[in-house]
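J.: Below is the file input.cif, with mmCIF, N, CA and C atoms.
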```cif
data_start
#
loop_
_atom_site.label_atom_id
_atom_site.label_comp_id
_atom_site.auth_asym_id
_atom_site.auth_seq_id
_atom_site.Cartn_x
_atom_site.Cartn_y
_atom_site.Cartn_z
N MET A 1 5.73 -3.24 -40.02
CA MET A 1 5.53 -1.98 -39.31
C MET A 1 5.24 -2.22 -37.82
N MET A 2 4.45 -3.26 -37.53
CA MET A 2 4.10 -3.51 -36.14
C MET A 2 5.33 -3.97 -35.33
N LYS A 3 6.30 -4.58 -36.01
CA LYS A 3 7.52 -4.99 -35.33
C LYS A 3 8.25 -3.75 -34.80
N LYS A 4 8.30 -2.70 -35.60
CA LYS A 4 8.96 -1.47 -35.18
C LYS A 4 8.21 -0.80 -34.03
N VAL A 5 6.89 -0.85 -34.08
CA VAL A 5 6.08 -0.29 -32.99
C VAL A 5 6.33 -1.09 -31.71
N ASN A 6 6.42 -2.41 -31.82
CA ASN A 6 6.70 -3.23 -30.64
C ASN A 6 8.09 -2.97 -30.09
N ILE A 7 9.05 -2.74 -30.96
CA ILE A 7 10.41 -2.45 -30.49
C ILE A 7 10.44 -1.16 -29.69
N ILE A 8 9.81 -0.13 -30.22
CA ILE A 8 9.83 1.16 -29.50
C ILE A 8 9.01 1.08 -28.22
N SER A 9 7.94 0.31 -28.22
CA SER A 9 7.14 0.13 -27.01
C SER A 9 7.92 -0.65 -25.96
N PHE A 10 8.68 -1.65 -26.39
CA PHE A 10 9.51 -2.41 -25.45
C PHE A 10 10.60 -1.53 -24.85
N ILE A 11 11.21 -0.68 -25.66
CA ILE A 11 12.24 0.23 -25.15
C ILE A 11 11.66 1.14 -24.08
N MET A 12 10.47 1.67 -24.33
CA MET A 12 9.85 2.56 -23.35
C MET A 12 9.43 1.79 -22.10
N GLY A 13 8.86 0.60 -22.27
CA GLY A 13 8.47 -0.20 -21.11
C GLY A 13 9.68 -0.63 -20.29
N LEU A 14 10.77 -0.99 -20.97
CA LEU A 14 12.00 -1.39 -20.28
C LEU A 14 12.61 -0.21 -19.51
N GLY A 15 12.64 0.94 -20.13
CA GLY A 15 13.17 2.13 -19.45
C GLY A 15 12.36 2.48 -18.21
N TYR A 16 11.03 2.46 -18.34
CA TYR A 16 10.17 2.77 -17.19
C TYR A 16 10.30 1.70 -16.12
N PHE A 17 10.44 0.43 -16.53
CA PHE A 17 10.63 -0.66 -15.58
C PHE A 17 11.89 -0.44 -14.75
N PHE A 18 13.00 -0.11 -15.40
CA PHE A 18 14.24 0.12 -14.67
C PHE A 18 14.11 1.30 -13.71
N MET A 19 13.43 2.35 -14.14
CA MET A 19 13.26 3.51 -13.26
C MET A 19 12.46 3.14 -12.02
N VAL A 20 11.36 2.42 -12.20
CA VAL A 20 10.50 2.05 -11.07
C VAL A 20 11.22 1.06 -10.15
N GLN A 21 11.87 0.07 -10.72
CA GLN A 21 12.53 -0.93 -9.89
C GLN A 21 13.73 -0.36 -9.14
N LEU A 22 14.47 0.53 -9.76
CA LEU A 22 15.59 1.15 -9.05
C LEU A 22 15.08 1.96 -7.87
N TYR A 23 14.04 2.74 -8.09
CA TYR A 23 13.53 3.58 -7.01
C TYR A 23 12.84 2.74 -5.94
N GLY A 24 12.19 1.66 -6.34
CA GLY A 24 11.50 0.82 -5.38
C GLY A 24 12.40 -0.10 -4.58
N ASN A 25 13.60 -0.33 -5.04
CA ASN A 25 14.52 -1.26 -4.37
C ASN A 25 15.73 -0.57 -3.78
N ILE A 26 15.57 0.65 -3.35
CA ILE A 26 16.68 1.41 -2.77
C ILE A 26 17.22 0.72 -1.51
N TYR A 27 16.32 0.24 -0.66
CA TYR A 27 16.76 -0.40 0.59
C TYR A 27 17.50 -1.70 0.29
N ARG A 28 17.02 -2.44 -0.68
CA ARG A 28 17.68 -3.70 -1.05
C ARG A 28 19.05 -3.44 -1.65
N ILE A 29 19.14 -2.43 -2.50
CA ILE A 29 20.44 -2.09 -3.10
C ILE A 29 21.42 -1.65 -2.01
N SER A 30 20.94 -0.88 -1.05
CA SER A 30 21.79 -0.43 0.05
C SER A 30 22.28 -1.61 0.87
N ARG A 31 21.40 -2.56 1.14
CA ARG A 31 21.78 -3.72 1.94
C ARG A 31 22.76 -4.62 1.19
N LEU A 32 22.51 -4.83 -0.10
CA LEU A 32 23.38 -5.74 -0.86
C LEU A 32 24.74 -5.14 -1.17
N THR A 33 24.80 -3.83 -1.40
CA THR A 33 26.08 -3.22 -1.73
C THR A 33 26.87 -2.78 -0.51
N GLY A 34 26.18 -2.54 0.60
CA GLY A 34 26.85 -2.08 1.80
C GLY A 34 27.06 -0.58 1.84
N PHE A 35 26.55 0.14 0.85
CA PHE A 35 26.67 1.59 0.84
C PHE A 35 25.63 2.22 1.77
N GLU A 36 25.91 3.44 2.20
CA GLU A 36 24.94 4.15 3.01
C GLU A 36 23.70 4.47 2.18
N LEU A 37 22.58 4.64 2.87
CA LEU A 37 21.31 4.88 2.18
C LEU A 37 21.34 6.19 1.40
N LYS A 38 21.97 7.23 1.96
CA LYS A 38 22.07 8.51 1.25
C LYS A 38 22.81 8.36 -0.08
N THR A 39 23.88 7.61 -0.07
CA THR A 39 24.68 7.41 -1.28
C THR A 39 23.87 6.65 -2.32
N VAL A 40 23.14 5.63 -1.89
CA VAL A 40 22.34 4.84 -2.83
C VAL A 40 21.22 5.69 -3.42
N ILE A 41 20.56 6.48 -2.59
CA ILE A 41 19.46 7.33 -3.08
C ILE A 41 19.99 8.32 -4.12
N LEU A 42 21.10 8.96 -3.83
CA LEU A 42 21.66 9.92 -4.77
C LEU A 42 22.09 9.25 -6.07
N THR A 43 22.72 8.09 -5.97
CA THR A 43 23.16 7.37 -7.17
C THR A 43 21.97 6.91 -8.00
N VAL A 44 20.95 6.39 -7.34
CA VAL A 44 19.75 5.93 -8.06
C VAL A 44 19.06 7.10 -8.74
N GLN A 45 19.00 8.24 -8.09
CA GLN A 45 18.37 9.40 -8.71
C GLN A 45 19.12 9.83 -9.96
N TRP A 46 20.44 9.81 -9.91
CA TRP A 46 21.22 10.16 -11.10
C TRP A 46 21.04 9.14 -12.22
N ILE A 47 20.99 7.86 -11.84
CA ILE A 47 20.77 6.82 -12.85
C ILE A 47 19.40 6.98 -13.50
N ILE A 48 18.39 7.32 -12.70
CA ILE A 48 17.04 7.52 -13.25
C ILE A 48 17.02 8.70 -14.20
N VAL A 49 17.70 9.78 -13.86
CA VAL A 49 17.75 10.95 -14.77
C VAL A 49 18.44 10.57 -16.08
N ILE A 50 19.54 9.84 -15.99
CA ILE A 50 20.26 9.42 -17.20
C ILE A 50 19.40 8.47 -18.03
N LEU A 51 18.71 7.53 -17.37
CA LEU A 51 17.80 6.63 -18.09
C LEU A 51 16.68 7.39 -18.78
N PHE A 52 16.11 8.36 -18.08
CA PHE A 52 15.02 9.16 -18.64
C PHE A 52 15.48 9.89 -19.90
N ILE A 53 16.63 10.52 -19.81
CA ILE A 53 17.16 11.23 -20.97
C ILE A 53 17.51 10.26 -22.09
N GLY A 54 18.11 9.13 -21.75
CA GLY A 54 18.48 8.14 -22.76
C GLY A 54 17.28 7.55 -23.47
N VAL A 55 16.24 7.18 -22.70
CA VAL A 55 15.03 6.63 -23.31
C VAL A 55 14.35 7.67 -24.19
N THR A 56 14.36 8.92 -23.75
CA THR A 56 13.77 9.98 -24.55
C THR A 56 14.49 10.14 -25.88
N ILE A 57 15.81 10.17 -25.85
CA ILE A 57 16.59 10.34 -27.09
C ILE A 57 16.42 9.14 -28.02
N ILE A 58 16.51 7.93 -27.46
CA ILE A 58 16.36 6.72 -28.28
C ILE A 58 14.97 6.67 -28.91
N THR A 59 13.95 6.94 -28.11
CA THR A 59 12.58 6.92 -28.62
C THR A 59 12.37 7.98 -29.69
N PHE A 60 12.88 9.15 -29.46
CA PHE A 60 12.70 10.24 -30.42
C PHE A 60 13.32 9.89 -31.77
N PHE A 61 14.58 9.48 -31.75
CA PHE A 61 15.25 9.22 -33.02
C PHE A 61 14.76 7.95 -33.69
N TYR A 62 14.45 6.92 -32.91
CA TYR A 62 13.96 5.68 -33.51
C TYR A 62 12.58 5.90 -34.14
N SER A 63 11.71 6.61 -33.45
CA SER A 63 10.37 6.85 -34.01
C SER A 63 10.44 7.80 -35.20
N ARG A 64 11.38 8.70 -35.17
CA ARG A 64 11.50 9.66 -36.27
C ARG A 64 12.01 9.01 -37.54
N THR A 65 12.88 8.02 -37.41
CA THR A 65 13.45 7.39 -38.59
C THR A 65 12.70 6.14 -39.04
N ASN A 66 12.12 5.40 -38.10
CA ASN A 66 11.52 4.11 -38.46
C ASN A 66 10.01 4.08 -38.44
N LEU A 67 9.39 4.97 -37.74
CA LEU A 67 7.93 4.97 -37.66
C LEU A 67 7.36 6.14 -38.45
N LEU A 68 7.43 6.03 -39.74
CA LEU A 68 6.97 7.12 -40.59
C LEU A 68 5.46 7.07 -40.81
N ASP A 69 4.83 5.91 -40.60
CA ASP A 69 3.39 5.79 -40.79
C ASP A 69 2.69 6.30 -39.53
N GLU A 70 1.96 7.38 -39.67
CA GLU A 70 1.36 8.04 -38.52
C GLU A 70 0.29 7.21 -37.81
N LYS A 71 -0.45 6.38 -38.55
CA LYS A 71 -1.56 5.68 -37.91
C LYS A 71 -1.10 4.59 -36.95
N TYR A 72 0.09 4.05 -37.12
CA TYR A 72 0.58 3.02 -36.22
C TYR A 72 1.48 3.57 -35.12
N LYS A 73 1.98 4.76 -35.29
CA LYS A 73 2.95 5.32 -34.34
C LYS A 73 2.36 5.47 -32.95
N TYR A 74 1.11 5.91 -32.86
CA TYR A 74 0.54 6.25 -31.56
C TYR A 74 -0.01 5.05 -30.80
N ILE A 75 0.11 3.85 -31.36
CA ILE A 75 -0.24 2.65 -30.62
C ILE A 75 0.72 2.47 -29.45
N SER A 76 1.92 2.99 -29.58
CA SER A 76 2.93 2.88 -28.52
C SER A 76 2.53 3.60 -27.25
N VAL A 77 1.58 4.51 -27.34
CA VAL A 77 1.12 5.23 -26.15
C VAL A 77 0.52 4.25 -25.15
N ILE A 78 -0.07 3.17 -25.63
CA ILE A 78 -0.66 2.16 -24.76
C ILE A 78 0.18 0.88 -24.71
N LEU A 79 0.88 0.56 -25.79
CA LEU A 79 1.55 -0.73 -25.92
C LEU A 79 2.76 -0.90 -25.00
N TRP A 80 3.30 0.16 -24.44
CA TRP A 80 4.42 0.03 -23.51
C TRP A 80 3.98 -0.64 -22.21
N LEU A 81 2.69 -0.49 -21.86
CA LEU A 81 2.19 -0.98 -20.57
C LEU A 81 2.28 -2.50 -20.43
N PRO A 82 1.88 -3.32 -21.44
CA PRO A 82 2.04 -4.77 -21.26
C PRO A 82 3.51 -5.19 -21.09
N TYR A 83 4.41 -4.52 -21.77
CA TYR A 83 5.84 -4.85 -21.59
C TYR A 83 6.30 -4.51 -20.17
N PHE A 84 5.88 -3.36 -19.69
CA PHE A 84 6.24 -2.96 -18.33
C PHE A 84 5.67 -3.94 -17.31
N LEU A 85 4.40 -4.31 -17.46
CA LEU A 85 3.78 -5.23 -16.52
C LEU A 85 4.43 -6.62 -16.57
N LEU A 86 4.75 -7.08 -17.76
CA LEU A 86 5.41 -8.39 -17.89
C LEU A 86 6.79 -8.38 -17.25
N LEU A 87 7.56 -7.35 -17.49
CA LEU A 87 8.89 -7.24 -16.87
C LEU A 87 8.79 -7.13 -15.36
N ASN A 88 7.84 -6.33 -14.89
CA ASN A 88 7.65 -6.13 -13.46
C ASN A 88 7.22 -7.44 -12.79
N PHE A 89 6.27 -8.15 -13.40
CA PHE A 89 5.82 -9.42 -12.85
C PHE A 89 6.96 -10.43 -12.80
N THR A 90 7.72 -10.52 -13.87
CA THR A 90 8.84 -11.47 -13.93
C THR A 90 9.88 -11.13 -12.87
N PHE A 91 10.22 -9.86 -12.73
CA PHE A 91 11.24 -9.46 -11.76
C PHE A 91 10.80 -9.76 -10.34
N THR A 92 9.53 -9.47 -10.01
CA THR A 92 9.07 -9.71 -8.64
C THR A 92 8.94 -11.20 -8.34
N ARG A 93 8.79 -12.03 -9.34
CA ARG A 93 8.75 -13.48 -9.11
C ARG A 93 10.16 -14.06 -8.97
N ILE A 94 11.11 -13.51 -9.69
CA ILE A 94 12.48 -14.01 -9.61
C ILE A 94 13.18 -13.51 -8.35
N TYR A 95 12.96 -12.24 -8.00
CA TYR A 95 13.59 -11.63 -6.83
C TYR A 95 12.52 -11.12 -5.86
N PRO A 96 11.87 -12.01 -5.12
CA PRO A 96 10.84 -11.55 -4.16
C PRO A 96 11.49 -10.86 -2.96
N ILE A 97 10.70 -10.05 -2.29
CA ILE A 97 11.18 -9.38 -1.08
C ILE A 97 11.15 -10.38 0.06
N THR A 98 12.30 -10.68 0.61
CA THR A 98 12.40 -11.66 1.70
C THR A 98 12.61 -10.98 3.05
N ASN A 99 13.14 -9.77 3.04
CA ASN A 99 13.40 -9.03 4.27
C ASN A 99 12.31 -7.96 4.39
N SER A 100 11.59 -7.95 5.51
CA SER A 100 10.49 -6.99 5.67
C SER A 100 10.99 -5.55 5.73
N GLY A 101 12.26 -5.36 6.00
CA GLY A 101 12.83 -4.02 6.03
C GLY A 101 13.01 -3.42 4.64
N GLU A 102 12.87 -4.24 3.62
CA GLU A 102 13.02 -3.77 2.24
C GLU A 102 11.69 -3.40 1.59
N MET A 103 10.62 -3.49 2.34
CA MET A 103 9.30 -3.16 1.79
C MET A 103 9.26 -1.67 1.42
N VAL A 104 8.60 -1.40 0.33
CA VAL A 104 8.48 -0.03 -0.16
C VAL A 104 7.37 0.67 0.62
N SER A 105 7.57 1.93 0.93
CA SER A 105 6.55 2.67 1.66
C SER A 105 5.35 2.93 0.76
N PRO A 106 4.17 3.12 1.35
CA PRO A 106 2.97 3.39 0.54
C PRO A 106 3.09 4.67 -0.29
N ALA A 107 3.88 5.62 0.15
CA ALA A 107 4.05 6.86 -0.62
C ALA A 107 4.74 6.58 -1.95
N ILE A 108 5.68 5.67 -1.96
CA ILE A 108 6.36 5.30 -3.22
C ILE A 108 5.36 4.63 -4.15
N GLY A 109 4.48 3.80 -3.61
CA GLY A 109 3.46 3.15 -4.42
C GLY A 109 2.52 4.16 -5.07
N LEU A 110 2.11 5.17 -4.31
CA LEU A 110 1.26 6.22 -4.87
C LEU A 110 2.00 7.01 -5.95
N LEU A 111 3.27 7.26 -5.72
CA LEU A 111 4.08 7.97 -6.71
C LEU A 111 4.19 7.16 -8.00
N VAL A 112 4.39 5.86 -7.88
CA VAL A 112 4.48 5.00 -9.06
C VAL A 112 3.14 4.97 -9.81
N ILE A 113 2.04 4.89 -9.09
CA ILE A 113 0.72 4.92 -9.74
C ILE A 113 0.53 6.23 -10.49
N PHE A 114 0.86 7.33 -9.86
CA PHE A 114 0.72 8.64 -10.49
C PHE A 114 1.60 8.75 -11.74
N LEU A 115 2.85 8.32 -11.64
CA LEU A 115 3.76 8.38 -12.79
C LEU A 115 3.33 7.43 -13.90
N THR A 116 2.76 6.29 -13.54
CA THR A 116 2.26 5.35 -14.54
C THR A 116 1.08 5.95 -15.30
N LEU A 117 0.27 6.74 -14.63
CA LEU A 117 -0.84 7.41 -15.31
C LEU A 117 -0.35 8.55 -16.20
N LEU A 118 0.78 9.17 -15.84
CA LEU A 118 1.33 10.26 -16.64
C LEU A 118 2.24 9.80 -17.78
N PHE A 119 2.75 8.58 -17.69
CA PHE A 119 3.71 8.10 -18.68
C PHE A 119 3.16 8.08 -20.10
N PRO A 120 1.88 7.71 -20.34
CA PRO A 120 1.37 7.78 -21.72
C PRO A 120 1.41 9.20 -22.30
N LEU A 121 1.23 10.21 -21.47
CA LEU A 121 1.33 11.59 -21.95
C LEU A 121 2.76 11.89 -22.39
N TYR A 122 3.73 11.43 -21.62
CA TYR A 122 5.13 11.59 -21.97
C TYR A 122 5.44 10.90 -23.30
N VAL A 123 4.93 9.67 -23.47
CA VAL A 123 5.15 8.92 -24.71
C VAL A 123 4.50 9.65 -25.89
N PHE A 124 3.28 10.13 -25.69
CA PHE A 124 2.59 10.86 -26.75
C PHE A 124 3.36 12.11 -27.16
N ILE A 125 3.87 12.84 -26.19
CA ILE A 125 4.63 14.07 -26.50
C ILE A 125 5.88 13.74 -27.31
N ILE A 126 6.60 12.69 -26.92
CA ILE A 126 7.80 12.31 -27.67
C ILE A 126 7.45 11.94 -29.10
N LEU A 127 6.42 11.12 -29.26
CA LEU A 127 6.03 10.68 -30.60
C LEU A 127 5.50 11.83 -31.44
N PHE A 128 4.77 12.74 -30.82
CA PHE A 128 4.24 13.90 -31.56
C PHE A 128 5.37 14.81 -32.00
N VAL A 129 6.29 15.11 -31.11
CA VAL A 129 7.40 15.99 -31.46
C VAL A 129 8.28 15.34 -32.52
N SER A 130 8.48 14.03 -32.43
CA SER A 130 9.31 13.36 -33.43
C SER A 130 8.65 13.37 -34.81
N SER A 131 7.33 13.50 -34.85
CA SER A 131 6.66 13.53 -36.15
C SER A 131 6.61 14.93 -36.75
N ILE A 132 6.72 15.98 -35.92
CA ILE A 132 6.64 17.34 -36.48
C ILE A 132 8.00 17.97 -36.72
N VAL A 133 9.05 17.43 -36.10
CA VAL A 133 10.39 17.98 -36.32
C VAL A 133 10.92 17.42 -37.63
N PRO A 134 11.28 18.27 -38.59
CA PRO A 134 11.75 17.77 -39.88
C PRO A 134 13.17 17.22 -39.79
N PHE A 135 13.48 16.33 -40.74
CA PHE A 135 14.84 15.84 -40.86
C PHE A 135 15.74 16.97 -41.32
N ARG A 136 17.03 16.80 -41.14
CA ARG A 136 17.99 17.79 -41.61
C ARG A 136 17.87 17.90 -43.13
N GLY A 137 17.65 19.08 -43.62
CA GLY A 137 17.54 19.30 -45.05
C GLY A 137 16.14 19.12 -45.59
N GLN A 138 15.20 18.67 -44.74
CA GLN A 138 13.82 18.48 -45.17
C GLN A 138 12.99 19.68 -44.74
N LYS A 139 12.12 20.14 -45.62
CA LYS A 139 11.27 21.28 -45.30
C LYS A 139 10.06 20.83 -44.52
N LYS A 140 9.54 21.70 -43.66
CA LYS A 140 8.31 21.40 -42.92
C LYS A 140 7.16 21.39 -43.90
N GLN A 141 6.21 20.51 -43.63
CA GLN A 141 5.03 20.43 -44.51
C GLN A 141 3.92 21.29 -43.99
#
```
Could you show the structure in this file as structure tokens?
T.:
Amino acid sequence: MMKKVNIISFIMGLGYFFMVQLYGNIYRISRLTGFELKTVILTVQWIIVILFIGVTIITFFYSRTNLLDEKYKYISVILWLPYFLLLNFTFTRIYPITNSGEMVSPAIGLLVIFLTLLFPLYVFIILFVSSIVPFRGQKKQ
């Protein structure tokens, strides 16, 4: 059972990691690809929306089908954080910022902190809704 909880926590941590890193590395992506900053910002925003929807759908259906035990399901509300921190630490060590023009503004840092504090609520809502929505053909209890 804990393997399934770890899988869903990793999926959520990975999705949030990609969202944060894409938004935090807009200047680097613009420099490496040669695209204008406006184009990169718009593309990254669309990718983040698609990732958000995709992670929500995957988490909803995976938790609904595989995490039937209620007492272990809600551990994922906290367990996504170590995966996110590990991925973030690894990425920043492999690809450090070498150009000072690619530094993220302090406003982006505050936004990431705020979203990181709200992310457990998002995870809880997905897990709660997946536990109360009945399967097709199953009656509500």
J.: As a check of understanding, name the residues that the PyMOL selection byres ((chain A and resi 60-74) around 8) selects in the supplied structure, as a short mmCIF file (atom, residue, chain, number, x, y, z; two decimals) with N, CA and C atoms, keeping the file's coordinate frame.
T.:
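Dumped everything to expr_33.cif:
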```
data_model
loop_
_atom_site.label_atom_id
_atom_site.label_comp_id
_atom_site.auth_asym_id
_atom_site.auth_seq_id
_atom_site.Cartn_x
_atom_site.Cartn_y
_atom_site.Cartn_z
N MET A 1 5.73 -3.24 -40.02
CA MET A 1 5.53 -1.98 -39.31
C MET A 1 5.24 -2.22 -37.82
N MET A 2 4.45 -3.26 -37.53
CA MET A 2 4.10 -3.51 -36.14
C MET A 2 5.33 -3.97 -35.33
N LYS A 4 8.30 -2.70 -35.60
CA LYS A 4 8.96 -1.47 -35.18
C LYS A 4 8.21 -0.80 -34.03
N VAL A 5 6.89 -0.85 -34.08
CA VAL A 5 6.08 -0.29 -32.99
C VAL A 5 6.33 -1.09 -31.71
N ILE A 8 9.81 -0.13 -30.22
CA ILE A 8 9.83 1.16 -29.50
C ILE A 8 9.01 1.08 -28.22
N GLY A 54 18.11 9.13 -21.75
CA GLY A 54 18.48 8.14 -22.76
C GLY A 54 17.28 7.55 -23.47
N VAL A 55 16.24 7.18 -22.70
CA VAL A 55 15.03 6.63 -23.31
C VAL A 55 14.35 7.67 -24.19
N THR A 56 14.36 8.92 -23.75
CA THR A 56 13.77 9.98 -24.55
C THR A 56 14.49 10.14 -25.88
N ILE A 57 15.81 10.17 -25.85
CA ILE A 57 16.59 10.34 -27.09
C ILE A 57 16.42 9.14 -28.02
N ILE A 58 16.51 7.93 -27.46
CA ILE A 58 16.36 6.72 -28.28
C ILE A 58 14.97 6.67 -28.91
N THR A 59 13.95 6.94 -28.11
CA THR A 59 12.58 6.92 -28.62
C THR A 59 12.37 7.98 -29.69
N ILE A 75 0.11 3.85 -31.36
CA ILE A 75 -0.24 2.65 -30.62
C ILE A 75 0.72 2.47 -29.45
N SER A 76 1.92 2.99 -29.58
CA SER A 76 2.93 2.88 -28.52
C SER A 76 2.53 3.60 -27.25
N VAL A 77 1.58 4.51 -27.34
CA VAL A 77 1.12 5.23 -26.15
C VAL A 77 0.52 4.25 -25.15
N ILE A 78 -0.07 3.17 -25.63
CA ILE A 78 -0.66 2.16 -24.76
C ILE A 78 0.18 0.88 -24.71
N LEU A 79 0.88 0.56 -25.79
CA LEU A 79 1.55 -0.73 -25.92
C LEU A 79 2.76 -0.90 -25.00
N VAL A 123 4.93 9.67 -23.47
CA VAL A 123 5.15 8.92 -24.71
C VAL A 123 4.50 9.65 -25.89
N PHE A 124 3.28 10.13 -25.69
CA PHE A 124 2.59 10.86 -26.75
C PHE A 124 3.36 12.11 -27.16
N ILE A 126 6.60 12.69 -26.92
CA ILE A 126 7.80 12.31 -27.67
C ILE A 126 7.45 11.94 -29.10
N LEU A 127 6.42 11.12 -29.26
CA LEU A 127 6.03 10.68 -30.60
C LEU A 127 5.50 11.83 -31.44
N PHE A 128 4.77 12.74 -30.82
CA PHE A 128 4.24 13.90 -31.56
C PHE A 128 5.37 14.81 -32.00
N VAL A 129 6.29 15.11 -31.11
CA VAL A 129 7.40 15.99 -31.46
C VAL A 129 8.28 15.34 -32.52
N SER A 130 8.48 14.03 -32.43
CA SER A 130 9.31 13.36 -33.43
C SER A 130 8.65 13.37 -34.81
N SER A 131 7.33 13.50 -34.85
CA SER A 131 6.66 13.53 -36.15
C SER A 131 6.61 14.93 -36.75
N ILE A 132 6.72 15.98 -35.92
CA ILE A 132 6.64 17.34 -36.48
C ILE A 132 8.00 17.97 -36.72
N VAL A 133 9.05 17.43 -36.10
CA VAL A 133 10.39 17.98 -36.32
C VAL A 133 10.92 17.42 -37.63
#
```
J.: Would you pick out the contacts of segment 98-108 of chain A at 8 Å or less, using all atoms listed in the file, so that residues sharing its chain but fewer than 2 positions from it are not included, and give the list as a CSV table (one decimal) with N, CA and C atoms, in the frame of the given file?
T.:
```csv
chain,number,residue,atom,x,y,z
A,23,TYR,N,14.0,2.7,-8.1
A,23,TYR,CA,13.5,3.6,-7.0
A,23,TYR,C,12.8,2.7,-5.9
A,24,GLY,N,12.2,1.7,-6.3
A,24,GLY,CA,11.5,0.8,-5.4
A,24,GLY,C,12.4,-0.1,-4.6
A,25,ASN,N,13.6,-0.3,-5.0
A,25,ASN,CA,14.5,-1.3,-4.4
A,25,ASN,C,15.7,-0.6,-3.8
A,26,ILE,N,15.6,0.6,-3.4
A,26,ILE,CA,16.7,1.4,-2.8
A,26,ILE,C,17.2,0.7,-1.5
A,27,TYR,N,16.3,0.2,-0.7
A,27,TYR,CA,16.8,-0.4,0.6
A,27,TYR,C,17.5,-1.7,0.3
A,28,ARG,N,17.0,-2.4,-0.7
A,28,ARG,CA,17.7,-3.7,-1.0
A,28,ARG,C,19.0,-3.4,-1.6
A,29,ILE,N,19.1,-2.4,-2.5
A,29,ILE,CA,20.4,-2.1,-3.1
A,29,ILE,C,21.4,-1.6,-2.0
A,95,TYR,N,13.0,-12.2,-8.0
A,95,TYR,CA,13.6,-11.6,-6.8
A,95,TYR,C,12.5,-11.1,-5.9
A,96,PRO,N,11.9,-12.0,-5.1
A,96,PRO,CA,10.8,-11.6,-4.2
A,96,PRO,C,11.5,-10.9,-3.0
A,110,LEU,N,2.1,5.2,-4.3
A,110,LEU,CA,1.3,6.2,-4.9
A,110,LEU,C,2.0,7.0,-6.0
A,111,LEU,N,3.3,7.3,-5.7
A,111,LEU,CA,4.1,8.0,-6.7
A,111,LEU,C,4.2,7.2,-8.0
A,112,VAL,N,4.4,5.9,-7.9
A,112,VAL,CA,4.5,5.0,-9.1
A,112,VAL,C,3.1,5.0,-9.8
A,113,ILE,N,2.0,4.9,-9.1
A,113,ILE,CA,0.7,4.9,-9.7
A,113,ILE,C,0.5,6.2,-10.5
A,114,PHE,N,0.9,7.3,-9.9
A,114,PHE,CA,0.7,8.6,-10.5
A,114,PHE,C,1.6,8.8,-11.7
```
J.: May I ask for the distance between atom CA of Leu117 of chain A and atom C of Ser30 of chain A, given in Å to one decimal place?
T.: 29.6 Å
J.: Quick check, in Å to one decimal: how far apart do atom N of Thr92 of chain A and atom N of Leu14 of chain A lie?
T.: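 Between these atoms lies a distance of 13.9 Å.
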J.: What does the distance between atom CA of Gly15 of chain A and atom N of Val40 of chain A come to in Å, to one decimal place?
T.: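 Distance between the two atoms: 20.5 Å.
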J.: Here is a test: counting only N, CA and C atoms, which residue of A:Pro120, A:Gly34, A:Ile125, A:Phe17 is nearest to Leu87 of chain A?
T.: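 Ranked by minimum distance to Leu87 of chain A, first place goes to A:Phe17.
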J.: In chain A, what's helix (DSSP H, G or I) per DSSP? Answer as a PyMOL selection string?
T.: chain A and resi 2-24+26-33+37-66+70-73+76-94+100-102+106-132
J.: Put the listed atoms of segment 104-110 of chain A in a box along x, y and z with 3 Å added on every side and give me the centre and edge lengths in Å to one decimal, as AutoDock Vina command-line options.
T.:
```
--center_x 4.9 --center_y 2.8 --center_z -2.1 --size_x 13.3 --size_y 14.4 --size_z 13.6
```
J.: Using the structure just given, write a file holding N, CA and C atoms for segment 114-124 of chain A, as a PDB file, in the first residue's frame.
T.:
```pdb
ATOM      1  N   PHE A 114       4.358  30.887  -1.699  1.00  0.00           N
ATOM      2  CA  PHE A 114       2.914  30.917  -1.489  1.00  0.00           C
ATOM      3  C   PHE A 114       2.240  29.689  -2.103  1.00  0.00           C
ATOM      4  N   LEU A 115       2.612  29.346  -3.330  1.00  0.00           N
ATOM      5  CA  LEU A 115       2.020  28.176  -3.992  1.00  0.00           C
ATOM      6  C   LEU A 115       2.430  26.872  -3.316  1.00  0.00           C
ATOM      7  N   THR A 116       3.641  26.824  -2.778  1.00  0.00           N
ATOM      8  CA  THR A 116       4.086  25.631  -2.056  1.00  0.00           C
ATOM      9  C   THR A 116       3.279  25.455  -0.773  1.00  0.00           C
ATOM     10  N   LEU A 117       2.894  26.541  -0.144  1.00  0.00           N
ATOM     11  CA  LEU A 117       2.050  26.443   1.048  1.00  0.00           C
ATOM     12  C   LEU A 117       0.617  26.049   0.698  1.00  0.00           C
ATOM     13  N   LEU A 118       0.158  26.413  -0.506  1.00  0.00           N
ATOM     14  CA  LEU A 118      -1.200  26.059  -0.930  1.00  0.00           C
ATOM     15  C   LEU A 118      -1.307  24.681  -1.574  1.00  0.00           C
ATOM     16  N   PHE A 119      -0.197  24.135  -2.041  1.00  0.00           N
ATOM     17  CA  PHE A 119      -0.225  22.870  -2.761  1.00  0.00           C
ATOM     18  C   PHE A 119      -0.795  21.713  -1.931  1.00  0.00           C
ATOM     19  N   PRO A 120      -0.492  21.599  -0.622  1.00  0.00           N
ATOM     20  CA  PRO A 120      -1.124  20.519   0.155  1.00  0.00           C
ATOM     21  C   PRO A 120      -2.653  20.595   0.170  1.00  0.00           C
ATOM     22  N   LEU A 121      -3.201  21.800   0.141  1.00  0.00           N
ATOM     23  CA  LEU A 121      -4.660  21.940   0.082  1.00  0.00           C
ATOM     24  C   LEU A 121      -5.185  21.402  -1.247  1.00  0.00           C
ATOM     25  N   TYR A 122      -4.497  21.691  -2.325  1.00  0.00           N
ATOM     26  CA  TYR A 122      -4.853  21.167  -3.641  1.00  0.00           C
ATOM     27  C   TYR A 122      -4.809  19.639  -3.650  1.00  0.00           C
ATOM     28  N   VAL A 123      -3.748  19.066  -3.063  1.00  0.00           N
ATOM     29  CA  VAL A 123      -3.611  17.612  -2.994  1.00  0.00           C
ATOM     30  C   VAL A 123      -4.740  17.016  -2.156  1.00  0.00           C
ATOM     31  N   PHE A 124      -5.032  17.639  -1.028  1.00  0.00           N
ATOM     32  CA  PHE A 124      -6.106  17.145  -0.168  1.00  0.00           C
ATOM     33  C   PHE A 124      -7.450  17.165  -0.894  1.00  0.00           C
TER      34      PHE A 124
END
```
